[in-house]
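S.K.: Okay, so here is data-v2.cif, and as you'll see once you scroll down, it has mmCIF, N, CA, C and O atoms.
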```cif
data_run
#
loop_
_atom_site.label_atom_id
_atom_site.label_comp_id
_atom_site.auth_asym_id
_atom_site.auth_seq_id
_atom_site.Cartn_x
_atom_site.Cartn_y
_atom_site.Cartn_z
N MET A 1 -105.77 171.74 139.36
CA MET A 1 -107.02 172.10 138.70
C MET A 1 -107.07 171.46 137.31
O MET A 1 -106.10 171.49 136.57
N ALA A 2 -108.18 170.88 137.00
CA ALA A 2 -108.34 170.19 135.72
C ALA A 2 -108.49 171.21 134.60
O ALA A 2 -109.13 172.23 134.75
N LEU A 3 -107.89 170.89 133.50
CA LEU A 3 -107.97 171.75 132.33
C LEU A 3 -108.84 171.11 131.26
O LEU A 3 -108.88 169.90 131.13
N ASP A 4 -109.49 171.97 130.50
CA ASP A 4 -110.17 171.52 129.30
C ASP A 4 -109.28 171.90 128.13
O ASP A 4 -108.57 172.90 128.19
N VAL A 5 -109.29 171.10 127.09
CA VAL A 5 -108.57 171.46 125.87
C VAL A 5 -109.59 171.78 124.80
O VAL A 5 -110.68 171.19 124.76
N ASN A 6 -109.26 172.72 123.96
CA ASN A 6 -110.15 173.13 122.88
C ASN A 6 -109.82 172.33 121.64
O ASN A 6 -108.67 172.27 121.20
N ILE A 7 -110.85 171.68 121.10
CA ILE A 7 -110.70 170.81 119.93
C ILE A 7 -111.76 171.21 118.91
O ILE A 7 -112.91 171.48 119.28
N LYS A 8 -111.37 171.23 117.64
CA LYS A 8 -112.34 171.47 116.56
C LYS A 8 -112.65 170.12 115.91
O LYS A 8 -111.74 169.43 115.46
N ILE A 9 -113.92 169.78 115.88
CA ILE A 9 -114.36 168.51 115.30
C ILE A 9 -115.35 168.82 114.18
O ILE A 9 -116.39 169.43 114.43
N THR A 10 -115.00 168.40 112.97
CA THR A 10 -115.92 168.58 111.84
C THR A 10 -116.72 167.30 111.70
O THR A 10 -116.15 166.21 111.58
N ASP A 11 -118.05 167.44 111.79
CA ASP A 11 -118.91 166.26 111.75
C ASP A 11 -119.08 165.75 110.32
O ASP A 11 -118.51 166.30 109.38
N ARG A 12 -119.86 164.70 110.16
CA ARG A 12 -120.01 164.07 108.85
C ARG A 12 -120.87 164.88 107.89
O ARG A 12 -120.99 164.54 106.72
N ASN A 13 -121.45 165.98 108.38
CA ASN A 13 -122.20 166.88 107.52
C ASN A 13 -121.37 168.09 107.13
O ASN A 13 -121.87 169.03 106.53
N GLY A 14 -120.09 168.11 107.55
CA GLY A 14 -119.21 169.21 107.20
C GLY A 14 -119.29 170.40 108.13
O GLY A 14 -118.72 171.44 107.86
N VAL A 15 -120.00 170.26 109.25
CA VAL A 15 -120.13 171.35 110.22
C VAL A 15 -119.02 171.22 111.27
O VAL A 15 -118.84 170.16 111.85
N THR A 16 -118.29 172.31 111.48
CA THR A 16 -117.21 172.29 112.47
C THR A 16 -117.72 172.77 113.82
O THR A 16 -118.38 173.81 113.92
N HIS A 17 -117.41 171.99 114.84
CA HIS A 17 -117.83 172.30 116.21
C HIS A 17 -116.57 172.54 117.05
O HIS A 17 -115.63 171.75 116.98
N GLU A 18 -116.57 173.63 117.81
CA GLU A 18 -115.48 173.88 118.74
C GLU A 18 -115.94 173.38 120.10
O GLU A 18 -116.93 173.87 120.64
N VAL A 19 -115.25 172.39 120.62
CA VAL A 19 -115.67 171.78 121.88
C VAL A 19 -114.55 171.90 122.91
O VAL A 19 -113.37 171.99 122.58
N ALA A 20 -114.96 171.89 124.18
CA ALA A 20 -114.01 171.86 125.29
C ALA A 20 -114.04 170.44 125.84
O ALA A 20 -115.08 169.95 126.27
N ALA A 21 -112.89 169.78 125.79
CA ALA A 21 -112.81 168.39 126.24
C ALA A 21 -112.04 168.33 127.56
O ALA A 21 -110.91 168.82 127.64
N PRO A 22 -112.64 167.75 128.60
CA PRO A 22 -111.96 167.68 129.90
C PRO A 22 -110.79 166.70 129.88
O PRO A 22 -110.88 165.63 129.28
N THR A 23 -109.70 167.11 130.52
CA THR A 23 -108.51 166.25 130.56
C THR A 23 -108.48 165.36 131.79
O THR A 23 -107.60 164.52 131.93
N ASP A 24 -109.45 165.53 132.69
CA ASP A 24 -109.41 164.81 133.98
C ASP A 24 -110.41 163.66 134.06
O ASP A 24 -110.67 163.14 135.14
N MET A 25 -110.99 163.25 132.94
CA MET A 25 -112.02 162.21 132.98
C MET A 25 -111.61 160.94 132.23
O MET A 25 -112.43 160.06 132.01
N ALA A 26 -110.36 160.86 131.81
CA ALA A 26 -109.84 159.69 131.09
C ALA A 26 -110.67 159.38 129.84
O ALA A 26 -110.92 158.23 129.52
N LEU A 27 -111.10 160.44 129.15
CA LEU A 27 -111.89 160.27 127.94
C LEU A 27 -110.97 160.12 126.74
O LEU A 27 -109.81 160.54 126.77
N ASN A 28 -111.52 159.56 125.67
CA ASN A 28 -110.81 159.58 124.39
C ASN A 28 -111.66 160.40 123.41
O ASN A 28 -112.77 160.81 123.72
N LEU A 29 -111.09 160.64 122.24
CA LEU A 29 -111.76 161.49 121.26
C LEU A 29 -113.11 160.94 120.83
O LEU A 29 -114.08 161.69 120.67
N MET A 30 -113.22 159.62 120.68
CA MET A 30 -114.51 159.02 120.30
C MET A 30 -115.57 159.32 121.37
O MET A 30 -116.70 159.64 121.05
N GLU A 31 -115.19 159.24 122.64
CA GLU A 31 -116.15 159.51 123.72
C GLU A 31 -116.56 160.99 123.75
O GLU A 31 -117.71 161.31 124.05
N VAL A 32 -115.64 161.87 123.39
CA VAL A 32 -115.97 163.30 123.32
C VAL A 32 -116.99 163.55 122.20
O VAL A 32 -117.95 164.28 122.37
N VAL A 33 -116.79 162.89 121.06
CA VAL A 33 -117.74 163.02 119.95
C VAL A 33 -119.13 162.55 120.40
O VAL A 33 -120.14 163.20 120.13
N LYS A 34 -119.17 161.44 121.14
CA LYS A 34 -120.46 160.93 121.64
C LYS A 34 -121.05 161.88 122.68
O LYS A 34 -122.25 162.16 122.67
N LEU A 35 -120.20 162.40 123.56
CA LEU A 35 -120.64 163.32 124.61
C LEU A 35 -121.34 164.54 124.03
O LEU A 35 -122.38 164.98 124.51
N TYR A 36 -120.76 165.08 122.96
CA TYR A 36 -121.33 166.27 122.30
C TYR A 36 -122.34 165.91 121.21
O TYR A 36 -122.84 166.79 120.51
N GLU A 37 -122.62 164.62 121.04
CA GLU A 37 -123.59 164.13 120.06
C GLU A 37 -123.29 164.65 118.65
O GLU A 37 -124.15 165.18 117.96
N LEU A 38 -122.02 164.50 118.22
CA LEU A 38 -121.59 164.99 116.91
C LEU A 38 -121.68 163.92 115.82
O LEU A 38 -121.32 164.18 114.68
N ALA A 39 -122.13 162.73 116.19
CA ALA A 39 -122.35 161.67 115.20
C ALA A 39 -123.64 160.97 115.59
O ALA A 39 -123.99 160.90 116.77
N GLU A 40 -124.35 160.46 114.60
CA GLU A 40 -125.60 159.77 114.87
C GLU A 40 -125.37 158.57 115.77
O GLU A 40 -124.38 157.85 115.65
N GLU A 41 -126.30 158.36 116.68
CA GLU A 41 -126.25 157.20 117.59
C GLU A 41 -126.06 155.92 116.77
O GLU A 41 -126.71 155.73 115.75
N GLY A 42 -125.16 155.08 117.21
CA GLY A 42 -124.94 153.81 116.52
C GLY A 42 -123.99 153.89 115.35
O GLY A 42 -123.75 152.89 114.68
N THR A 43 -123.42 155.09 115.09
CA THR A 43 -122.48 155.22 113.97
C THR A 43 -121.07 155.53 114.44
O THR A 43 -120.19 155.74 113.62
N ILE A 44 -120.87 155.56 115.74
CA ILE A 44 -119.52 155.83 116.25
C ILE A 44 -119.31 155.03 117.53
O ILE A 44 -120.24 154.86 118.32
N GLY A 45 -118.12 154.49 117.68
CA GLY A 45 -117.83 153.72 118.89
C GLY A 45 -118.58 152.42 118.95
O GLY A 45 -118.92 151.94 120.03
N VAL A 46 -118.84 151.83 117.81
CA VAL A 46 -119.65 150.61 117.73
C VAL A 46 -119.04 149.49 118.59
O VAL A 46 -119.75 148.74 119.25
N CYS A 47 -117.71 149.39 118.60
CA CYS A 47 -117.06 148.31 119.37
C CYS A 47 -116.78 148.71 120.81
O CYS A 47 -116.19 147.93 121.56
N GLY A 48 -117.16 149.93 121.19
CA GLY A 48 -116.95 150.37 122.56
C GLY A 48 -115.55 150.89 122.83
O GLY A 48 -115.13 151.00 123.97
N GLY A 49 -114.82 151.22 121.78
CA GLY A 49 -113.50 151.81 121.97
C GLY A 49 -112.37 150.82 122.09
O GLY A 49 -111.35 151.09 122.71
N MET A 50 -112.53 149.65 121.49
CA MET A 50 -111.53 148.59 121.61
C MET A 50 -110.64 148.48 120.37
O MET A 50 -109.92 147.51 120.21
N ALA A 51 -110.70 149.46 119.46
CA ALA A 51 -109.95 149.44 118.19
C ALA A 51 -110.29 148.21 117.36
O ALA A 51 -109.45 147.64 116.69
N MET A 52 -111.57 147.78 117.43
CA MET A 52 -112.00 146.60 116.69
C MET A 52 -112.98 146.93 115.57
O MET A 52 -113.48 146.04 114.90
N CYS A 53 -113.30 148.20 115.41
CA CYS A 53 -114.09 148.64 114.27
C CYS A 53 -113.48 149.98 113.87
O CYS A 53 -112.62 150.47 114.55
N ALA A 54 -113.92 150.55 112.81
CA ALA A 54 -113.34 151.84 112.43
C ALA A 54 -114.42 152.92 112.42
O ALA A 54 -114.29 153.92 111.73
N SER A 55 -115.46 152.73 113.22
CA SER A 55 -116.56 153.69 113.20
C SER A 55 -116.16 155.05 113.75
O SER A 55 -116.82 156.04 113.49
N CYS A 56 -115.05 155.12 114.50
CA CYS A 56 -114.60 156.40 115.05
C CYS A 56 -113.42 156.96 114.28
O CYS A 56 -112.74 157.87 114.75
N GLN A 57 -113.18 156.43 113.07
CA GLN A 57 -112.06 156.93 112.26
C GLN A 57 -112.23 158.42 112.02
O GLN A 57 -113.32 158.92 111.74
N CYS A 58 -111.13 159.13 112.15
CA CYS A 58 -111.15 160.56 111.87
C CYS A 58 -109.87 160.94 111.14
O CYS A 58 -108.89 160.19 111.13
N TYR A 59 -109.93 162.10 110.51
CA TYR A 59 -108.77 162.64 109.80
C TYR A 59 -108.22 163.77 110.65
O TYR A 59 -108.94 164.70 111.02
N VAL A 60 -106.94 163.70 110.97
CA VAL A 60 -106.30 164.73 111.79
C VAL A 60 -105.82 165.83 110.85
O VAL A 60 -104.98 165.60 109.99
N ASN A 61 -106.38 167.04 111.02
CA ASN A 61 -106.10 168.15 110.11
C ASN A 61 -105.22 169.22 110.74
O ASN A 61 -105.13 170.33 110.22
N SER A 62 -104.60 168.92 111.87
CA SER A 62 -103.69 169.88 112.50
C SER A 62 -102.37 169.18 112.78
O SER A 62 -102.27 167.96 112.68
N ASP A 63 -101.37 169.96 113.13
CA ASP A 63 -100.04 169.41 113.40
C ASP A 63 -99.88 168.98 114.86
O ASP A 63 -98.77 168.84 115.36
N THR A 64 -100.99 168.82 115.56
CA THR A 64 -100.97 168.45 116.97
C THR A 64 -100.24 167.13 117.16
O THR A 64 -100.55 166.15 116.47
N PRO A 65 -99.26 167.09 118.07
CA PRO A 65 -98.56 165.82 118.30
C PRO A 65 -99.49 164.78 118.93
O PRO A 65 -100.18 165.08 119.90
N LEU A 66 -99.50 163.60 118.34
CA LEU A 66 -100.36 162.52 118.84
C LEU A 66 -99.48 161.34 119.22
O LEU A 66 -98.39 161.17 118.69
N PRO A 67 -99.99 160.47 120.11
CA PRO A 67 -99.23 159.25 120.41
C PRO A 67 -99.12 158.37 119.17
O PRO A 67 -99.96 158.46 118.27
N GLU A 68 -98.08 157.56 119.13
CA GLU A 68 -97.90 156.64 118.01
C GLU A 68 -99.09 155.69 117.90
O GLU A 68 -99.71 155.34 118.90
N LYS A 69 -99.38 155.24 116.69
CA LYS A 69 -100.43 154.24 116.48
C LYS A 69 -99.98 152.92 117.09
O LYS A 69 -98.84 152.51 116.91
N SER A 70 -100.91 152.27 117.76
CA SER A 70 -100.62 150.92 118.27
C SER A 70 -100.73 149.94 117.10
O SER A 70 -101.29 150.26 116.05
N ASP A 71 -100.23 148.73 117.31
CA ASP A 71 -100.36 147.70 116.26
C ASP A 71 -101.82 147.42 115.97
O ASP A 71 -102.21 147.20 114.82
N GLU A 72 -102.67 147.44 117.02
CA GLU A 72 -104.10 147.17 116.84
C GLU A 72 -104.75 148.25 115.99
O GLU A 72 -105.55 147.97 115.10
N GLU A 73 -104.41 149.52 116.27
CA GLU A 73 -104.98 150.62 115.51
C GLU A 73 -104.52 150.55 114.06
O GLU A 73 -105.31 150.70 113.12
N ASP A 74 -103.24 150.29 113.86
CA ASP A 74 -102.69 150.18 112.52
C ASP A 74 -103.38 149.06 111.73
O ASP A 74 -103.75 149.24 110.57
N ALA A 75 -103.58 147.93 112.37
CA ALA A 75 -104.23 146.78 111.72
C ALA A 75 -105.67 147.12 111.36
O ALA A 75 -106.14 146.79 110.26
N MET A 76 -106.39 147.78 112.27
CA MET A 76 -107.79 148.13 112.00
C MET A 76 -107.88 149.12 110.84
O MET A 76 -108.71 148.97 109.95
N LEU A 77 -107.01 150.12 110.83
CA LEU A 77 -107.04 151.10 109.74
C LEU A 77 -106.67 150.46 108.40
O LEU A 77 -107.15 150.90 107.35
N SER A 78 -105.87 149.41 108.43
CA SER A 78 -105.49 148.76 107.17
C SER A 78 -106.68 148.04 106.54
O SER A 78 -106.66 147.73 105.35
N GLU A 79 -107.73 147.79 107.31
CA GLU A 79 -108.93 147.11 106.80
C GLU A 79 -110.11 148.05 106.63
O GLU A 79 -111.16 147.64 106.14
N ALA A 80 -109.97 149.29 107.06
CA ALA A 80 -111.10 150.22 107.05
C ALA A 80 -111.30 150.86 105.68
O ALA A 80 -110.42 150.81 104.82
N TYR A 81 -112.48 151.48 105.51
CA TYR A 81 -112.79 152.22 104.29
C TYR A 81 -112.39 153.68 104.46
O TYR A 81 -112.29 154.18 105.58
N ASN A 82 -112.21 154.38 103.35
CA ASN A 82 -111.96 155.82 103.35
C ASN A 82 -110.73 156.23 104.15
O ASN A 82 -110.68 157.31 104.72
N VAL A 83 -109.74 155.34 104.23
CA VAL A 83 -108.54 155.64 105.00
C VAL A 83 -107.66 156.61 104.22
O VAL A 83 -107.47 156.47 103.02
N LYS A 84 -107.14 157.61 104.93
CA LYS A 84 -106.22 158.57 104.34
C LYS A 84 -104.91 158.53 105.13
O LYS A 84 -104.81 157.89 106.18
N GLU A 85 -103.94 159.26 104.65
CA GLU A 85 -102.63 159.34 105.29
C GLU A 85 -102.75 159.81 106.75
O GLU A 85 -102.00 159.40 107.62
N ASN A 86 -103.74 160.70 107.01
CA ASN A 86 -103.90 161.29 108.33
C ASN A 86 -105.01 160.63 109.16
O ASN A 86 -105.50 161.20 110.12
N SER A 87 -105.40 159.41 108.79
CA SER A 87 -106.46 158.71 109.53
C SER A 87 -105.96 158.22 110.88
O SER A 87 -104.84 157.72 111.00
N ARG A 88 -106.83 158.34 111.88
CA ARG A 88 -106.59 157.78 113.20
C ARG A 88 -107.93 157.27 113.74
O ARG A 88 -109.00 157.69 113.28
N LEU A 89 -107.89 156.39 114.71
CA LEU A 89 -109.11 155.96 115.40
C LEU A 89 -109.29 156.86 116.62
O LEU A 89 -108.40 156.96 117.47
N GLY A 90 -110.45 157.49 116.70
CA GLY A 90 -110.71 158.40 117.81
C GLY A 90 -110.61 157.74 119.17
O GLY A 90 -110.20 158.37 120.15
N CYS A 91 -110.96 156.45 119.24
CA CYS A 91 -110.92 155.76 120.53
C CYS A 91 -109.50 155.57 121.05
O CYS A 91 -109.30 155.29 122.23
N GLN A 92 -108.51 155.75 120.18
CA GLN A 92 -107.13 155.55 120.58
C GLN A 92 -106.40 156.87 120.86
O GLN A 92 -105.22 156.88 121.15
N ILE A 93 -107.14 157.98 120.77
CA ILE A 93 -106.56 159.29 121.07
C ILE A 93 -107.14 159.76 122.41
O ILE A 93 -108.29 160.17 122.49
N HIS A 94 -106.34 159.65 123.44
CA HIS A 94 -106.80 160.02 124.79
C HIS A 94 -106.64 161.52 125.00
O HIS A 94 -105.66 162.12 124.57
N ILE A 95 -107.63 162.10 125.65
CA ILE A 95 -107.66 163.54 125.84
C ILE A 95 -106.64 163.95 126.91
O ILE A 95 -106.78 163.60 128.08
N THR A 96 -105.62 164.67 126.47
CA THR A 96 -104.59 165.20 127.37
C THR A 96 -104.38 166.67 127.02
O THR A 96 -104.85 167.16 125.98
N GLU A 97 -103.65 167.37 127.87
CA GLU A 97 -103.37 168.79 127.63
C GLU A 97 -102.63 169.00 126.31
O GLU A 97 -102.70 170.06 125.71
N ASP A 98 -101.92 167.98 125.85
CA ASP A 98 -101.15 168.08 124.61
C ASP A 98 -102.05 168.25 123.38
O ASP A 98 -101.57 168.62 122.31
N LEU A 99 -103.34 167.96 123.53
CA LEU A 99 -104.26 168.02 122.38
C LEU A 99 -104.86 169.40 122.15
O LEU A 99 -105.70 169.57 121.26
N GLU A 100 -104.45 170.39 122.93
CA GLU A 100 -104.96 171.76 122.74
C GLU A 100 -104.81 172.15 121.27
O GLU A 100 -103.72 172.03 120.70
N GLY A 101 -105.93 172.59 120.65
CA GLY A 101 -105.89 173.04 119.27
C GLY A 101 -106.03 171.94 118.23
O GLY A 101 -105.97 172.21 117.03
N LEU A 102 -106.24 170.71 118.67
CA LEU A 102 -106.43 169.60 117.73
C LEU A 102 -107.60 169.89 116.79
O LEU A 102 -108.63 170.40 117.22
N GLU A 103 -107.43 169.55 115.51
CA GLU A 103 -108.52 169.69 114.54
C GLU A 103 -108.68 168.36 113.83
O GLU A 103 -107.73 167.84 113.24
N VAL A 104 -109.89 167.81 113.90
CA VAL A 104 -110.17 166.53 113.25
C VAL A 104 -111.47 166.61 112.47
O VAL A 104 -112.32 167.45 112.72
N GLU A 105 -111.60 165.70 111.52
CA GLU A 105 -112.81 165.57 110.72
C GLU A 105 -113.24 164.11 110.80
O GLU A 105 -112.41 163.22 110.61
N LEU A 106 -114.50 163.86 111.11
CA LEU A 106 -114.99 162.48 111.19
C LEU A 106 -115.04 161.88 109.79
O LEU A 106 -115.54 162.50 108.85
N ALA A 107 -114.53 160.67 109.67
CA ALA A 107 -114.56 159.97 108.39
C ALA A 107 -116.00 159.51 108.11
O ALA A 107 -116.78 159.32 109.04
N PRO A 108 -116.35 159.30 106.84
CA PRO A 108 -117.70 158.80 106.52
C PRO A 108 -117.97 157.46 107.21
O PRO A 108 -117.04 156.67 107.38
N TYR A 109 -119.20 157.26 107.62
CA TYR A 109 -119.57 155.99 108.25
C TYR A 109 -120.06 155.05 107.16
O TYR A 109 -120.91 155.39 106.36
N GLU A 110 -119.51 153.83 107.12
CA GLU A 110 -119.94 152.86 106.11
C GLU A 110 -120.44 151.62 106.79
O GLU A 110 -119.82 151.11 107.68
#
```
Kindly return the structure encoded in the file as structure tokens.
M.R.:
Amino acid sequence: MALDVNIKITDRNGVTHEVAAPTDMALNLMEVVKLYELAEEGTIGVCGGMAMCASCQCYVNSDTPLPEKSDEEDAMLSEAYNVKENSRLGCQIHITEDLEGLEVELAPYE
């Protein structure tokens, strides 16, 4: 049976949304944000989830274990704006059961 994980996503207006993200659809965090329409159209996932833009940058505000950053993600974040110590690209965080309780905040869109 497929499980949903509960994730808190704070949008760019400072509003926190508690969403249920399915683990059986091979989604990533950027796609979940789009699914729930938590960012304006055209301001997230601009490159289609290829780690080639930073429009899905988010700040991870929980101790949830995440996969290591790939070289591509690391390189993209090194060129992005508003990068913090806890910045990640949402397109590189795949929805798995391990993400239960994840809390993220969408970075400003520039």
S.K.: Between A:Met30, A:Met76, A:Leu106, A:Val19, which residue has the minimum interatomic distance to Gly49 (chain A), considering all atoms listed in the file?
M.R.: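 Smallest distance to Gly49 (chain A) is found for A:Met30.
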S.K.: Please, which residues are within 9 Å of (-104.8, 169.4, 116.2) by the file's coordinates, counting only C-alpha atoms, and could they come as a list in words?
M.R.: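 Counting only C-alpha atoms, I find these residues within 9 Å of (-104.8, 169.4, 116.2): Ile7, Lys8, Val60, Asn61, Ser62, Asp63, Thr64, Pro65, Leu66, Leu99, Glu100, Gly101, Leu102, Glu103 and Val104 of chain A.
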S.K.: Which value, in Å to one decimal, gives the distance between atom O of Ala20 (chain A) and atom C of His94 (chain A)?
M.R.: 12.0 Å
S.K.: Identify which of the residues A:Cys56, A:Ala39, A:Val46, A:Val5 lies closest to Glu105 (chain A), counting all atoms listed in the file when measuring atom-to-atom distances.
M.R.: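 Nearest candidate to Glu105 (chain A) out of A:Cys56, A:Ala39, A:Val46, A:Val5: A:Cys56.
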S.K.: Using the chain letters and numbers from the file, give me the residues hit by the PyMOL selection byres ((chain A and resi 95) around 7), as a list in words.
M.R.: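 Here the PyMOL selection byres ((chain A and resi 95) around 7) matches Ala21, Pro22, Thr23, Asp24, Met25, Ala26, Leu27, Asn28, Leu29, Ile93, His94, Thr96, Glu97, Asp98 and Leu99 of chain A.
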S.K.: Mind giving me the axis-aligned box for region 51-67 of chain A with 5 Å on every side, centre plus edges in Å to one decimal, as AutoDock Vina command-line options?
M.R.:
```
--center_x -107.6 --center_y 158.2 --center_z 115.1 --size_x 28.4 --size_y 34.3 --size_z 20.6
```
S.K.: In Å, with one decimal, what is the gap from CA of Glu85 (chain A) to CA of Ala51 (chain A)?
M.R.: 17.8 Å
S.K.: Among chain A, which residues does DSSP mark as helix (DSSP H, G or I) when it is run on the backbone? Keep the chain and numbering as in the structure and answer as a ChimeraX atom specification.
M.R.: /A:29-35,71-79,90-92,97-99
S.K.: Please save N, CA, C and O atoms of the selected residues as a tab-separated table (two decimals), in the frame of the given file.
M.R.:
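That gives us again22.tsv:
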```
chain	number	residue	atom	x	y	z
A	29	LEU	N	-111.09	160.64	122.24
A	29	LEU	CA	-111.76	161.49	121.26
A	29	LEU	C	-113.11	160.94	120.83
A	29	LEU	O	-114.08	161.69	120.67
A	30	MET	N	-113.22	159.62	120.68
A	30	MET	CA	-114.51	159.02	120.30
A	30	MET	C	-115.57	159.32	121.37
A	30	MET	O	-116.70	159.64	121.05
A	31	GLU	N	-115.19	159.24	122.64
A	31	GLU	CA	-116.15	159.51	123.72
A	31	GLU	C	-116.56	160.99	123.75
A	31	GLU	O	-117.71	161.31	124.05
A	32	VAL	N	-115.64	161.87	123.39
A	32	VAL	CA	-115.97	163.30	123.32
A	32	VAL	C	-116.99	163.55	122.20
A	32	VAL	O	-117.95	164.28	122.37
A	33	VAL	N	-116.79	162.89	121.06
A	33	VAL	CA	-117.74	163.02	119.95
A	33	VAL	C	-119.13	162.55	120.40
A	33	VAL	O	-120.14	163.20	120.13
A	34	LYS	N	-119.17	161.44	121.14
A	34	LYS	CA	-120.46	160.93	121.64
A	34	LYS	C	-121.05	161.88	122.68
A	34	LYS	O	-122.25	162.16	122.67
A	35	LEU	N	-120.20	162.40	123.56
A	35	LEU	CA	-120.64	163.32	124.61
A	35	LEU	C	-121.34	164.54	124.03
A	35	LEU	O	-122.38	164.98	124.51
A	71	ASP	N	-100.23	148.73	117.31
A	71	ASP	CA	-100.36	147.70	116.26
A	71	ASP	C	-101.82	147.42	115.97
A	71	ASP	O	-102.21	147.20	114.82
A	72	GLU	N	-102.67	147.44	117.02
A	72	GLU	CA	-104.10	147.17	116.84
A	72	GLU	C	-104.75	148.25	115.99
A	72	GLU	O	-105.55	147.97	115.10
A	73	GLU	N	-104.41	149.52	116.27
A	73	GLU	CA	-104.98	150.62	115.51
A	73	GLU	C	-104.52	150.55	114.06
A	73	GLU	O	-105.31	150.70	113.12
A	74	ASP	N	-103.24	150.29	113.86
A	74	ASP	CA	-102.69	150.18	112.52
A	74	ASP	C	-103.38	149.06	111.73
A	74	ASP	O	-103.75	149.24	110.57
A	75	ALA	N	-103.58	147.93	112.37
A	75	ALA	CA	-104.23	146.78	111.72
A	75	ALA	C	-105.67	147.12	111.36
A	75	ALA	O	-106.14	146.79	110.26
A	76	MET	N	-106.39	147.78	112.27
A	76	MET	CA	-107.79	148.13	112.00
A	76	MET	C	-107.88	149.12	110.84
A	76	MET	O	-108.71	148.97	109.95
A	77	LEU	N	-107.01	150.12	110.83
A	77	LEU	CA	-107.04	151.10	109.74
A	77	LEU	C	-106.67	150.46	108.40
A	77	LEU	O	-107.15	150.90	107.35
A	78	SER	N	-105.87	149.41	108.43
A	78	SER	CA	-105.49	148.76	107.17
A	78	SER	C	-106.68	148.04	106.54
A	78	SER	O	-106.66	147.73	105.35
A	79	GLU	N	-107.73	147.79	107.31
A	79	GLU	CA	-108.93	147.11	106.80
A	79	GLU	C	-110.11	148.05	106.63
A	79	GLU	O	-111.16	147.64	106.14
A	90	GLY	N	-110.45	157.49	116.70
A	90	GLY	CA	-110.71	158.40	117.81
A	90	GLY	C	-110.61	157.74	119.17
A	90	GLY	O	-110.20	158.37	120.15
A	91	CYS	N	-110.96	156.45	119.24
A	91	CYS	CA	-110.92	155.76	120.53
A	91	CYS	C	-109.50	155.57	121.05
A	91	CYS	O	-109.30	155.29	122.23
A	92	GLN	N	-108.51	155.75	120.18
A	92	GLN	CA	-107.13	155.55	120.58
A	92	GLN	C	-106.40	156.87	120.86
A	92	GLN	O	-105.22	156.88	121.15
A	97	GLU	N	-103.65	167.37	127.87
A	97	GLU	CA	-103.37	168.79	127.63
A	97	GLU	C	-102.63	169.00	126.31
A	97	GLU	O	-102.70	170.06	125.71
A	98	ASP	N	-101.92	167.98	125.85
A	98	ASP	CA	-101.15	168.08	124.61
A	98	ASP	C	-102.05	168.25	123.38
A	98	ASP	O	-101.57	168.62	122.31
A	99	LEU	N	-103.34	167.96	123.53
A	99	LEU	CA	-104.26	168.02	122.38
A	99	LEU	C	-104.86	169.40	122.15
A	99	LEU	O	-105.70	169.57	121.26
```
S.K.: Under the rule of at most 12 Å, produce a per-residue listing of region 31-99 of chain A near region 10-13 of chain A: chain, number, name, the closest pair of atoms, and the distance in Å, as a tab-separated table, using only C-alpha atoms.
M.R.:
```
residue	atom	partner	partner_atom	distance
A:Val33	CA	A:Asp11	CA	8.9
A:Lys34	CA	A:Asp11	CA	11.3
A:Tyr36	CA	A:Asp11	CA	10.8
A:Glu37	CA	A:Asp11	CA	9.8
A:Leu38	CA	A:Asp11	CA	6.0
A:Ala39	CA	A:Asp11	CA	6.7
A:Glu40	CA	A:Arg12	CA	9.3
A:Thr43	CA	A:Arg12	CA	10.5
A:Ile44	CA	A:Arg12	CA	11.1
A:Ser55	CA	A:Arg12	CA	11.8
A:Cys56	CA	A:Arg12	CA	11.2
A:Gln57	CA	A:Arg12	CA	11.2
A:Cys58	CA	A:Thr10	CA	9.3
A:Tyr59	CA	A:Thr10	CA	9.5
A:Val60	CA	A:Thr10	CA	10.4
A:Asn61	CA	A:Thr10	CA	10.0
```
S.K.: Enumerate as JSON, numbers by chain all residues of region 9-70 of chain A assigned to strand (DSSP E or B) by DSSP on the backbone, naming them with the chain letters and numbers the document uses.
M.R.: {"A": [9, 10, 16, 17, 18, 19, 20, 21, 22, 28, 57, 58, 59, 60]}
S.K.: At what distance in Å, to one decimal, does atom C of His17 (chain A) lie from CA of Ser70 (chain A)?
M.R.: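 Distance between the two atoms: 26.9 Å.
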S.K.: Identify, on the basis of only N, CA, C and O atoms, every residue whose closest approach to Leu77 (chain A) does not exceed 8 Å; exclude the query and any residue fewer than 3 positions from it along the same chain; express the result as a PyMOL selection string.
M.R.: chain A and resi 51+53-54+70-74+80-84+87-89
